[in-house]
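So the structure is just underneath, and the comments pick up after that.
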Amino acid sequence: MRDQLESELKLRAHSPVGAIAVDAALHSLGVTYRRCARRHHQDYYLDDDEGSLRRGGVGLRLRASGATSILTCKLRGEVNDGMHVRREVEVTWDDVAPPRHAEDLPARLREVVQPLTQA
């Protein structure tokens with residue numbers, strides 16, 4: 001399980017930009033980053049029929065990649081000059097199917113999600 005602050009710089013381009021140009025721009029700004037290997041995954045976004053999580057600023061997804069599945073909960077955070085900072089909680093999910101109800105979530109995720117899905 002991980003409970004951390006995620007810092008993510010989101011860049012927007014108005015025309016096609018190559019990876020070399022992005023790398024050069026980041027280097028000139030003194031930004032440090034890490035490259036990730038290419039990998040394929042399937043995301044399943046979870047919410048109730050009323051969209052309670054989305055309205056509460058919470059994103060809940062199950063990401064399946066090979067034999068590994070991870071449940072991730074991201075809370076609404078702050079955005080400053082394109083830098084998004086928010087709390088992210090991740091736990092390994094051993095089932096093939098996503099959880100159907102908040103009470104099916106592991107305890108650490110349930111304490112964040114369940115209050116938002118109950119009237």
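Lettering and numbering for the structure tokens are positional, with chains as A, B, ... in the shown order, residues counted from 1 in each chain, and ligands counted from 1 in the shown order.
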| request: If you run DSSP over the backbone, which residues in chain A end up strand (DSSP E)? Put them as JSON, numbers by chain. | output: {"A": [2, 3, 4, 5, 6, 7, 8, 9, 42, 43, 44, 45, 58, 59, 60, 61, 62, 63, 64, 65, 68, 69, 70, 71, 72, 73, 74, 75, 78, 79, 80, 83, 84, 85, 86, 87, 88, 89, 90, 91, 92]}
Using only C-alpha atoms, which protein or nucleic acid residues come within 8 Å of Val89 of chain A? Drop anything in the same chain fewer than 2 positions from it, and give the result as a CSV table (one decimal) with N, CA and C atoms, in the first residue's frame.
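Wrote around08.csv, looks like this:
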chain,number,residue,atom,x,y,z
A,1,MET,N,0.8,-1.2,0.0
A,1,MET,CA,0.0,0.0,0.0
A,1,MET,C,0.9,1.2,0.0
A,2,ARG,N,0.5,2.2,-0.7
A,2,ARG,CA,1.1,3.5,-0.8
A,2,ARG,C,0.1,4.6,-0.5
A,3,ASP,N,0.5,5.6,0.4
A,3,ASP,CA,-0.3,6.7,0.6
A,3,ASP,C,0.7,7.9,0.5
A,4,GLN,N,0.6,8.7,-0.6
A,4,GLN,CA,1.6,9.7,-0.8
A,4,GLN,C,1.0,10.9,-1.5
A,72,THR,N,-6.5,2.5,-7.1
A,72,THR,CA,-5.9,3.8,-6.8
A,72,THR,C,-7.0,4.8,-6.6
A,73,CYS,N,-6.8,5.6,-5.5
A,73,CYS,CA,-7.8,6.7,-5.2
A,73,CYS,C,-7.0,8.0,-5.2
A,74,LYS,N,-7.4,8.9,-6.0
A,74,LYS,CA,-6.8,10.2,-6.0
A,74,LYS,C,-7.8,11.3,-5.6
A,87,ARG,N,-3.3,14.0,-3.0
A,87,ARG,CA,-3.1,12.7,-2.2
A,87,ARG,C,-3.5,11.6,-3.1
A,91,VAL,N,-3.5,0.5,-3.4
A,91,VAL,CA,-3.4,-0.9,-2.8
A,91,VAL,C,-3.5,-1.9,-3.9
A,108,ARG,N,-8.1,1.1,3.9
A,108,ARG,CA,-7.5,2.4,3.7
A,108,ARG,C,-8.2,3.2,2.6
A,109,LEU,N,-8.7,2.6,1.6
A,109,LEU,CA,-9.5,3.2,0.5
A,109,LEU,C,-10.9,3.5,1.0
| request: Could you check how far atom CA of Ala107 of chain A sits from atom CA of His84 of chain A, in Å to one decimal? | output: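 Straight-line distance from atom CA of Ala107 of chain A to atom CA of His84 of chain A works out to 26.0 Å.
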| note | Correct to one decimal, the distance atom CA of Ala24 of chain A-atom CA of Gly82 of chain A is 18.1 Å
| field | Residue with smallest distance to Ala67 of chain A - pool A:Asp23, A:Glu6, A:Asp95, A:Glu111, counting only C-alpha atoms | value | A:Asp95
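Residues of chain A assigned to alpha helix (DSSP H) by DSSP on this structure's backbone: Ala19, Ile20, Ala21, Val22, Asp23, Ala24, Ala25, Leu26, His27, Ser28, Leu29, Ser52, Leu53, Arg54, Arg55, Ala107, Arg108, Leu109, Arg110, Glu111, Val112, Val113, Gln114, Pro115, Leu116 and Thr117 of chain A.
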| Which of these, A:Thr68, A:Thr92, A:Ser52, A:Asn80, has the shortest distance to Val113 of chain A once you count only C-alpha atoms? | A:Ser52
| Between A:Leu11, A:Leu5, A:Ile70, A:Val85, which has the minimum distance to Pro99 of chain A (counting only C-alpha atoms)? |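 The answer is A:Ile70, which sits nearest to Pro99 of chain A.
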| field | Best match for closeness to Leu75 of chain A among A:Gln42, A:Arg54, A:Ser15, A:Arg63, counting only C-alpha atoms | value |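 The closest residue to Leu75 of chain A is A:Arg54.
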| query | Do you have the atom CA of Thr32 of chain A-atom CA of Arg76 of chain A distance handy? | reply | 24.2 Å
